[in-house]
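> Structure incoming, see below.
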Amino acid sequence: MFKTMNIFRLCTLKHMRLLLLMNTLIFLVLLFTLYISFTHSEKNFNSGNKFDEKQLTLNIIENRLQKLQQALKNRFPSAVDYIDVHVKHDLPTIYAITPTYKRWTQKADLTRLGQTLLHVPNFRWIVVEDSNEKTALVTNFLKFSGLQYTHLNAKTDQNYKLKSTDPNWLLPRGVAQRNKGLTWIRKNLSPHNNGILYFLDDDNTYSLRVFEEMRSTEVASVWPVGLSGGLKFEGPGKCKDGKVLEWYTAWKPERPFPIDMAGFAVNLKLLFKYSEAEYSNDAPRGYLESHFLTGLKLKRHDMEAKADNCSKVLVWHTRTEKPKMKQEEALIRQGKSSNSEMEV
Ligand code: UGA
Ligand code: MN
């Protein structure tokens, strides 16, 4: 009996131990799962925190960018739109050289032209003043223009400068200024720059399409210029498959290129290949453009016809009427000008 009781006790004890062991094991597993789930949620909590931090930094940067854009817009109204919309990296840049000189209508002409140019993508305006010093008028005009520009100056040699009483055809205009612009391009760019060169007079009228036409110039291109040479238009008159078949001109038709300054563009590569080509004050009258183009070793048949096979006028040789300023000038002479600070 005693023996059976002993065996029974022993068995219960073993059972108890097993139970205890199992309980401890379950407890440990529970503890482990609890620990794992806790550390996991901790991790989530931390990464959530980091995510929020990043989002916050992004918001701050975005806010700052908006403020900067607003500040830039306040100072240069068109700059932000210009940068956003117009800087397209895959387009060749048009480098346009414009000579300009002091006169009553200078700011009006520059304003009209500058606002056209704001619509032209990938464009650098090289403005060259006919003066010993850069003037405040042009400096400020360019600063607030919203355009990408280079401001230079080169005074026309006194021997070649027109007097106000001279007829304007007597001497060539814009020679020293265009040459200064060419020197800047050759110094600051390279044949690897994907670019097109164009000469813009400050008083002509330019359709936006003419810039898109010239952008694909491989060597040199031409198109008709309206109201030029005493005709409806001057330059290429009949074209087929991108080649000029006939030239339309009435005056000195024997000129190598019977065209106006606004009627051609050349690829920058050519400018570097013939690094001496430039304008000359000594070119015979009407030969300004021809002298430059023959300096680039171009012949009439090299020219690529643009503007729908030269069937469209996209640029006009307009001239701004000289205003009659008798009264203002009389007041200035008497020291009684209405407002000497007023920039016109
Ligand atoms: C025409 C052509 O369109 C010009 O490209 C060319 O230079 C000129 O003839 C010429 O044969 O020399 P036109 O309207 O008669 O042009 O000339 P302007 O518009 O008076 O002058 C052409 C450019 O030179 C303008 O951008 C003008 O601002 C500038 N210019 C004119 C000067 O820089 N200095 C001057 O004393 C006069
Ligand atoms: Mn003109």
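As shown in the structure tokens, the chain order sets the letters A, B, ...; within each chain, residues go from 1, and ligands are also counted from 1 in the order they appear.
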Write out as a PyMOL selection string the set of residues from segment 44-114 of chain A that DSSP, computed on the backbone, places in strand (DSSP E or B).

chain A and resi 93-100

> Counting only C-alpha atoms and all ligand atoms, which protein, DNA or RNA residues come within 12 Å of ligand 2, given as a PyMOL selection string?

chain A and resi 98-101+105-106+109+168-169+172-174+199-205+227-228+260-262+316-322

> Calculated over only C-alpha atoms, which of the candidates A:Asn339, A:Leu72, A:Ser280, A:Ala307 has the smallest distance to Leu208 of chain A?

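Ranked by minimum distance to Leu208 of chain A, first place goes to A:Ala307.
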
> Calculated over only C-alpha atoms and all ligand atoms, which of the candidates A:Val120, A:Ala283, A:Cys239, A:Val266 has the smallest distance to ligand 1?

A:Ala283

> Near segment 229-238 of chain A, within 12 Å and counting only C-alpha atoms, which residues show up once chain neighbours fewer than 3 positions away are dropped, as a PyMOL selection string?

chain A and resi 169+221-226+241-253+255-264+286+289+300-301+303-318

> Could you check which of A:Ser131, A:Gln55, A:Thr217, A:Gln334 is closest to ligand 1, using only C-alpha atoms and all ligand atoms?

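Answer, going by the shortest atom-to-atom distance: A:Ser131.
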
> Assign secondary structure with DSSP using the backbone only, and return the residues of segment 146-335 of chain A in helix (DSSP H, G or I) as JSON, numbers by chain.

{"A": [158, 159, 160, 175, 176, 177, 178, 179, 180, 181, 182, 183, 184, 185, 186, 187, 188, 208, 209, 210, 211, 212, 213, 214, 261, 262, 263, 268, 269, 270, 271, 272, 273, 288, 289, 290, 291, 292, 293, 294, 295, 300, 301, 302, 307, 308, 309, 310, 326, 327, 328, 329, 330, 331, 332, 333]}

> I'd like the contact shell of segment 325-327 of chain A - 12 Å cut-off, only C-alpha atoms, skipping same-chain residues fewer than 6 positions apart - returned as a short mmCIF file (atom, residue, chain, number, x, y, z; two decimals) with N, CA, C and O atoms, in the first residue's frame.


data_model
loop_
_atom_site.label_atom_id
_atom_site.label_comp_id
_atom_site.auth_asym_id
_atom_site.auth_seq_id
_atom_site.Cartn_x
_atom_site.Cartn_y
_atom_site.Cartn_z
N ARG A 103 18.62 107.84 -78.68
CA ARG A 103 17.71 108.69 -79.45
C ARG A 103 16.39 108.72 -78.69
O ARG A 103 16.20 107.92 -77.75
N TRP A 104 15.47 109.58 -79.08
CA TRP A 104 14.23 109.73 -78.31
C TRP A 104 13.43 108.43 -78.26
O TRP A 104 12.75 108.15 -77.27
N THR A 105 13.48 107.64 -79.33
CA THR A 105 12.62 106.45 -79.36
C THR A 105 13.34 105.16 -78.94
O THR A 105 12.78 104.07 -79.08
N ARG A 333 16.77 123.94 -73.53
CA ARG A 333 17.73 125.03 -73.75
C ARG A 333 17.53 126.14 -72.73
O ARG A 333 18.47 126.75 -72.25
N GLN A 334 16.27 126.35 -72.35
CA GLN A 334 15.99 127.41 -71.37
C GLN A 334 16.13 126.91 -69.93
O GLN A 334 15.83 127.64 -68.98
N LYS A 336 14.21 124.75 -68.57
CA LYS A 336 12.86 124.65 -67.99
C LYS A 336 12.18 123.33 -68.37
O LYS A 336 10.95 123.29 -68.48
N SER A 337 12.98 122.28 -68.58
CA SER A 337 12.39 121.01 -68.99
C SER A 337 11.39 120.53 -67.94
O SER A 337 11.62 120.70 -66.74
N SER A 338 10.27 119.94 -68.40
CA SER A 338 9.18 119.54 -67.50
C SER A 338 9.66 118.72 -66.31
O SER A 338 9.32 118.99 -65.17
#

> Rounded to one decimal, what separation in Å do you get between atom CA of Glu129 of chain A and atom 32 (C, counted along the ligand's line) of ligand 1?

7.4 Å

> Any idea what's packed within 8 Å of segment 143-160 of chain A, counting only C-alpha atoms, ignoring anything in its chain fewer than 6 positions away? Could you give it as an NGL selection string?

:A and (75-79 or 82 or 114-115 or 117-118 or 123-134 or 171-172 or 174-177 or 180-181 or 281)

> Restricted to N, CA and C atoms, what would the selected residues look like written as a short mmCIF file (atom, residue, chain, number, x, y, z; two decimals), in the first residue's frame?


data_model
loop_
_atom_site.label_atom_id
_atom_site.label_comp_id
_atom_site.auth_asym_id
_atom_site.auth_seq_id
_atom_site.Cartn_x
_atom_site.Cartn_y
_atom_site.Cartn_z
N ARG A 75 10.67 91.62 -58.60
CA ARG A 75 11.74 92.43 -59.19
C ARG A 75 11.79 92.29 -60.71
N PHE A 76 11.66 91.06 -61.19
CA PHE A 76 11.72 90.82 -62.65
C PHE A 76 10.46 90.06 -63.05
N PRO A 77 9.41 90.81 -63.37
CA PRO A 77 8.09 90.19 -63.54
C PRO A 77 8.05 88.95 -64.43
N SER A 78 8.86 88.92 -65.49
CA SER A 78 8.69 87.78 -66.41
C SER A 78 9.73 86.68 -66.21
N ALA A 79 10.66 86.89 -65.29
CA ALA A 79 11.79 85.97 -65.18
C ALA A 79 11.39 84.53 -64.86
N TYR A 82 9.73 82.80 -67.64
CA TYR A 82 10.73 82.62 -68.69
C TYR A 82 11.58 81.38 -68.40
N GLY A 114 12.07 93.78 -76.92
CA GLY A 114 12.33 92.93 -75.75
C GLY A 114 11.12 92.08 -75.39
N GLN A 115 9.92 92.68 -75.52
CA GLN A 115 8.72 91.93 -75.14
C GLN A 115 8.39 90.85 -76.17
N LEU A 117 10.84 89.22 -77.66
CA LEU A 117 11.87 88.21 -77.38
C LEU A 117 11.56 87.36 -76.15
N LEU A 118 10.73 87.90 -75.24
CA LEU A 118 10.35 87.13 -74.05
C LEU A 118 9.63 85.83 -74.43
N PHE A 123 17.14 81.61 -75.83
CA PHE A 123 17.53 82.81 -76.57
C PHE A 123 18.45 83.67 -75.70
N ARG A 124 19.57 84.14 -76.28
CA ARG A 124 20.42 85.11 -75.57
C ARG A 124 20.53 86.37 -76.41
N TRP A 125 20.22 87.49 -75.80
CA TRP A 125 20.23 88.78 -76.49
C TRP A 125 21.55 89.48 -76.19
N ILE A 126 22.33 89.72 -77.24
CA ILE A 126 23.61 90.43 -77.07
C ILE A 126 23.38 91.87 -77.54
N VAL A 127 23.22 92.75 -76.58
CA VAL A 127 22.89 94.16 -76.89
C VAL A 127 24.16 94.99 -76.81
N VAL A 128 24.48 95.67 -77.91
CA VAL A 128 25.73 96.44 -77.95
C VAL A 128 25.41 97.91 -78.18
N GLU A 129 25.72 98.72 -77.19
CA GLU A 129 25.43 100.15 -77.29
C GLU A 129 26.50 100.88 -78.10
N ASP A 130 26.04 101.81 -78.92
CA ASP A 130 26.95 102.67 -79.68
C ASP A 130 27.30 103.85 -78.75
N SER A 131 28.22 103.60 -77.81
CA SER A 131 28.57 104.63 -76.81
C SER A 131 29.90 104.27 -76.15
N ASN A 132 30.52 105.29 -75.56
CA ASN A 132 31.78 105.07 -74.85
C ASN A 132 31.57 104.30 -73.56
N GLU A 133 30.42 104.53 -72.93
CA GLU A 133 30.08 103.87 -71.66
C GLU A 133 28.71 103.23 -71.81
N LYS A 134 28.47 102.21 -71.01
CA LYS A 134 27.11 101.64 -70.98
C LYS A 134 26.20 102.68 -70.31
N LEU A 171 26.15 106.30 -94.61
CA LEU A 171 27.16 105.44 -93.97
C LEU A 171 26.51 104.19 -93.40
N PRO A 172 27.28 103.09 -93.32
CA PRO A 172 26.67 101.89 -92.71
C PRO A 172 26.47 102.10 -91.21
N GLY A 174 25.81 100.27 -87.28
CA GLY A 174 25.88 99.06 -86.46
C GLY A 174 27.11 98.17 -86.69
N VAL A 175 28.11 98.68 -87.42
CA VAL A 175 29.26 97.84 -87.77
C VAL A 175 30.12 97.50 -86.53
N ALA A 176 30.59 98.54 -85.83
CA ALA A 176 31.46 98.30 -84.66
C ALA A 176 30.73 97.46 -83.61
N GLN A 177 29.41 97.69 -83.49
CA GLN A 177 28.63 96.99 -82.46
C GLN A 177 28.48 95.51 -82.82
N LYS A 180 31.71 93.79 -82.17
CA LYS A 180 31.95 93.58 -80.74
C LYS A 180 31.18 92.33 -80.26
N GLY A 181 29.96 92.18 -80.74
CA GLY A 181 29.15 91.01 -80.40
C GLY A 181 29.78 89.72 -80.91
N ASN A 281 33.20 98.82 -92.21
CA ASN A 281 32.69 100.15 -92.54
C ASN A 281 33.01 100.52 -93.97
#

> My list of candidates is A:Leu58, A:Leu142, A:Leu162, A:Leu68. Which is closest to ligand 1 when distances are computed with only C-alpha atoms and all ligand atoms?

A:Leu162

> Grab the atom CA of Asn267 of chain A to atom CA of Asn122 of chain A distance for me, in Å with one decimal place.

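Going from atom CA of Asn267 of chain A over to atom CA of Asn122 of chain A covers 14.8 Å.
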
> Quote the spacing between atom CA of Tyr198 of chain A and atom CA of Ala265 of chain A in Å to one decimal place.

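Atom-to-atom, atom CA of Tyr198 of chain A and atom CA of Ala265 of chain A are spaced 4.9 Å apart.
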
> Quick one: of A:His192, A:Lys107, A:His119, A:Lys299, who's nearest to ligand 1, counting only C-alpha atoms and all ligand atoms?

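Looking only at the distances to ligand 1, the closest residue turns out to be A:Lys107.
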
> Nearest to ligand 1: which of A:Leu170, A:Val29, A:Leu298, A:Ala71 is it, counting only C-alpha atoms and all ligand atoms?

A:Leu170
